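Contents: one structure, followed by commentary.
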Number of protein chains: 4
Amino acid sequence: MKHKTDEAPMIERRATRRTTDDRWRTALTCIEPNKIMIRGYPVDEMMGRLTFGEAIYLLLMGEVPSPGIGSLMEAMLVSFIDHGATPPSTLAARNTATTGAALRACVASGVLGFGRYHGGDIESCMHFLDAGLHLVRDGATYREAAEQIVNKCRASEEPIPGFGHRFHTRDPRAARLFQMALELEVEGEHVQMIRAVEILLHDAAQPEAPLPVNIDGAIAAVCGDLGIPPNVANALFIISRVPGLAAHAREESERHAPMRQIDPKDHVYDGPSERRLPDRRSR
Amino acid sequence: MKHKTDEAPMIERRATRRTTDDRWRTALTCIEPNKIMIRGYPVDEMMGRLTFGEAIYLLLMGEVPSPGIGSLMEAMLVSFIDHGATPPSTLAARNTATTGAALRACVASGVLGFGRYHGGDIESCMHFLDAGLHLVRDGATYREAAEQIVNKCRASEEPIPGFGHRFHTRDPRAARLFQMALELEVEGEHVQMIRAVEILLHDAAQPEAPLPVNIDGAIAAVCGDLGIPPNVANALFIISRVPGLAAHAREESERHAPMRQIDPKDHVYDGPSERRLPDRRSR
Amino acid sequence: MKHKTDEAPMIERRATRRTTDDRWRTALTCIEPNKIMIRGYPVDEMMGRLTFGEAIYLLLMGEVPSPGIGSLMEAMLVSFIDHGATPPSTLAARNTATTGAALRACVASGVLGFGRYHGGDIESCMHFLDAGLHLVRDGATYREAAEQIVNKCRASEEPIPGFGHRFHTRDPRAARLFQMALELEVEGEHVQMIRAVEILLHDAAQPEAPLPVNIDGAIAAVCGDLGIPPNVANALFIISRVPGLAAHAREESERHAPMRQIDPKDHVYDGPSERRLPDRRSR
Amino acid sequence: MKHKTDEAPMIERRATRRTTDDRWRTALTCIEPNKIMIRGYPVDEMMGRLTFGEAIYLLLMGEVPSPGIGSLMEAMLVSFIDHGATPPSTLAARNTATTGAALRACVASGVLGFGRYHGGDIESCMHFLDAGLHLVRDGATYREAAEQIVNKCRASEEPIPGFGHRFHTRDPRAARLFQMALELEVEGEHVQMIRAVEILLHDAAQPEAPLPVNIDGAIAAVCGDLGIPPNVANALFIISRVPGLAAHAREESERHAPMRQIDPKDHVYDGPSERRLPDRRSR
């Protein structure tokens with residue numbers, strides 16, 4: 001009743017030795033016995049010499065970052081590490097955790113929420129700034145370019161990507177990132193472009209309804225000036241949010257009853273009060 | 001035909017002001033207007049002062065790590081950042097990428113593969129070492145304790161967690177991590193315990209079939225000595241593998257045709273040849 | 001600077017024609033040009049002749065079910081199709097939907113919540129009943145076996161799998177499934193065993209705290225009597241909940257604003273009032 | 001050092017009784033004690049009276065289908081139930097299974113692969129046919145409409161959605177679904193439109209490179225004629241593929257070694273040979 005189709009037509013035959021050109025290619029990591037090389041660097045030599053943030057840059061961009069770019073990478077990754085208990089991605093992770101699921105399942109459930117309305121602004125803002133810079137290269141001033149790209153958004157009733165926030169009227173992370181980019185002398189035309197948009201919006205806004213640059217916008221501008229393409233910026237966002245998802249899922253499992261009903265707004269923070277970083281940390 | 005049940009019995013009523021004690025609690029992050037505090041530290045002050053690895057430790061463990069522990073955190077996170085194109089988690093991510101899925105979906109698909117046989121060894125090895133240390137505290141020598149826990153594994157036909165590797169006869173990452181733990185003076189009883197097991201296995205092994213400590217074992221021992229609990233060690237593993245999943249998913253989308261059939265072994269590495277890190281990186 | 005390793009030692013060579021025995025095997029579906037055979041049956045012949053529920057049984061169990069077993073399959077799959085807006089799996093799907101994610105991502109996010117406390121009871125209850133039947137085969141009465149397995153649960157402070165419900169004091173789905181199993185003459189020792197446990201618990205319970213068989217318990221007993229193994233019963237549970245996850249994710253996207261905060265209990269049902277099925281449906 | 005913010009400004013207050021209008025709404029399922037109503041029908045009354053396929057239609061579309069539409073639902077769901085071991089979604093599920101992951105994780109990993117190039121054709125084809133029917137309503141013949149929409153695809157170098165297949169030159173599932181739609185008298189303008197495109201492509205094609213309607217196209221046309229919107233058709237596709245993902249993940253766990261390297265093409269089918277359905281099944 002059972003048969004084995006030795007000659008099944010769908011099975012590709014490999015009667016001859018495969019040549020290099022038939023094989024698919026990857027340029028990320030080379031594994032040899034007792035040797036793991038990431039973009040050419042032995043991973044054991046990277047340990048202790050590169051930070052995780054620098055290794056992430058190396059893996060995604062292909063080269064070890066300069067110290068200044070490395071510092072900006074760390075700052076961008078730190079800026080997103082957690083945003084409290086109310087983002088939908090965090091709630092997806094917590095709702096999965098309350099069922100008794102494994103940590104990896106909670107993290108996966110949360111990662112799936114980094115969609116169009118949640119983190120997607122970084123890529124949108126990069127394309128928005130590039131559209132403005134295209135106009136600048138064609139002769140427009142930054143102010144004129146800002147006016148054109150803002151008007152285009154408004155005409156299509158789209159929000160302006162990288163501006164405004166549900167909770168904050170001034171995003172402290174954006175300010176800090178711009179300050180670091182200035183100090184590390186990596187500011188360039190993308191930061192200049194987003195500044196022009198910010199000034200334009202400030203001039204136009206009602207004082208009670210400011211529309212400040214948010215952290216998505218700041219990261220979009222800094223990534224643009226560092227030559228990081230939009231899909232790598234998107235990867236950085238996903239990477240940076242995973243520790244927060246893991247921390248919330250673990251806290252859910254350890255502090256709360258299983259199968260509870262999680263009302264996002266009905267919580268209270270009971271961790272440490274505001275405090276200062278140890279002095280030695282001021283590098 | 002439609003009705004609205006104003007008095008539906010399943011809807012909990014909240015007729016009175018909620019007190020703090022009715023609300024659920026979180027100790028991770030406090031969000032106030034224009035202020036985001038991670039474990040009490042304003043995130044904008046963390047940017048530029050803490051690395052991503054240090055911020056991960058803060059978020060999961062509650063305190064800023066000492067510089068030595070911070071360096072070990074970075075090294076552990078770097079050690080797992082990628083392991084080439086053949087791990088099943090990476091292949092799940094690549095198979096999802098070839099369907100045209102979003103990067104977050106590819107990452108989630110890959111994260112789900114960090115299961116019992118893939119990364120699960122870290123937690124198993126921590127429990128294994130703790131069982132040995134329990135015997136030591138009851139008066140056994142490390143050698144005697146090692147014999148007992150190894151025999152228990154063998155009696156139940158379980159592999160010894162944290163030892164052996166599919167590809168490598170000597171895991172270069174494990175050696176490097178132990179060296180760092182020694183130099184940073186954080187070696188403790190867990191490292192001593194795993195060393196005792198390693199010597200025992202070495203004495204018993206056939207020369208042609210060595211069973212060396214692998215990176216899972218090394219991380220288990222070092223996390224044990226740092227006071228990092230097993231579920232946080234598991235979170236670190238998941239976090240550390242996400243950049244690799246993202247890099248493979250992105251490379252799949254950019255270099256290969258959609259809907260291709262991915263034979264894991266049929267690939268060739270075409271990235272940079274082995275190279276040395278820039279000198280300034282020898283911190 | 002780039003190299004291509006034609007002789008990389010990790011790449012398996014396939015210098016000779018592969019024989020059948022080297023290849024891995026699958027017994028589910030055979031694909032030939034213009035022909036798709038599921039367990040030997042051409043899928044186009046199955047269309048119109050087997051229901052989806054019967055085809056699910058065929059795929060998982062290997063044979064076309066008898067009409068009676070087919071009807072029970074449909075009933076079990078229908079019984080779980082949705083449980084409203086409050087289960088954590090549904091909330092994970094809705095929280096993912098509110099970020100603008102694709103339907104498949106919302107479904108995946110929800111599926112990950114079918115964990116230890118959410119659907120896991122079916123498998124636990126099957127093992128619980130099998131433990132009782134083992135005692136019966138060794139000479140115990142059903143009542144004695146029920147006492148032993150219930151006492152064992154209570155000694156380890158585990159809840160009794162397949163009994164009790166957060167909301168319902170009597171699960172209407174369980175009653176209906178037992179009635180169908182009786183009418184279709186597939187009741188057997190597993191149903192007899194769960195009945196013995198139910199009577200035992202009823203005798204012992206306070207009238208105000210009944211502990212009725214729930215739908216997980218009923219499905220566990222019926223699957224046991226049908227010879228469906230625990231992991232297939234688990235697969236049926238996952239399959240049966242997917243339409244509900246998809247329906248909630250779609251409703252979330254179509255009826256609600258993006259990035260909203262979803263309080264599980266703060267909702268009202270505004271669909272059709274209770275109604276009767278069309279008469280012709282009384283098969 | 002710890003504080004509890006009783007007055008934290010981010011916590012929404014609910015000092016008064018909530019009215020119906022403040023609550024969010026769902027029209028899918030109403031849960032009352034001992035009562036579960038799907039779209040108004042008690043689920044225990046649905047058990048034994050509706051098939052799973054009919055219940056899926058009810059949940060997604062809001063009403064019990066007519067017998068003819070019910071039969072088409074079953075046929076569409078059966079048509080996709082499995083497509084062998086080579087689709088990338090199946091391989092993502094198998095690669096996750098080989099790590100020892102839970103069945104739900106394998107299913108989720110596979111579901112994430114139903115992307116742009118894998119199942120996405122159904123929605124694309126529905127929009128494609130609607131574009132043609134828009135032209136017909138404006139006075140074009142079906143042939144003229146077909147020419148315009150095909151030319152538009154070709155101008156943008158997009159493949160024609162719903163036509164062609166990687167493996168099959170004639171999709172047996174498409175032929176069967178059209179035959180059923182004809183017999184059940186639900187054929188309408190969408191089927192007519194796709195027929196017009198098929199004839200046009202047949203006239204233009206080289207005999208050795210036919211471009212037949214595939215099952216995605218057939219489902220798109222039939223769903224269009226049944227009034228099923230594109231996002232529900234997409235939900236049906238996801239639902240229909242879950243049993244296959246579960247069956248492959250289970251087979252992977254039961255028949256193969258953990259952590260194996262899965263070459264998609266290197267397999268052989270060893271299930272039952274082609275066979276005929278039992279006679280009583282010819283409804």
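Simple scheme: letters A, B, ... for chains in structure tokens order, numbers from 1 for residues in each chain, numbers from 1 for ligands in the order shown.
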
**Q.** range 216-228 of chain A surroundings by only C-alpha atoms, 10 Å radius, close-in-sequence under 6 positions cut, as JSON, numbers by chain
**A.** {"A": [57, 60, 61, 69, 72, 73, 75, 76, 77, 79, 80, 118, 119, 120, 121, 122, 123, 124, 125, 126, 127, 128, 129, 130, 160, 161, 162, 163, 164, 165, 171, 173, 174, 175, 176, 177, 178, 180, 181, 186, 187, 188, 189, 190, 191, 192, 193, 194, 195, 234, 236, 237]}

Q. Which parts of range 23-210 of chain B does DSSP call strand (DSSP E) when run on the backbone here, written out as a PyMOL selection string?
A. chain B and resi 24-26+29-32+35-38+41-42

Q) Among range 127-214 of chain A, which residues carry a DSSP assignment of alpha helix (DSSP H), reported as number ranges by chain? A) A: 127-137, 142-155, 172-183, 189-204
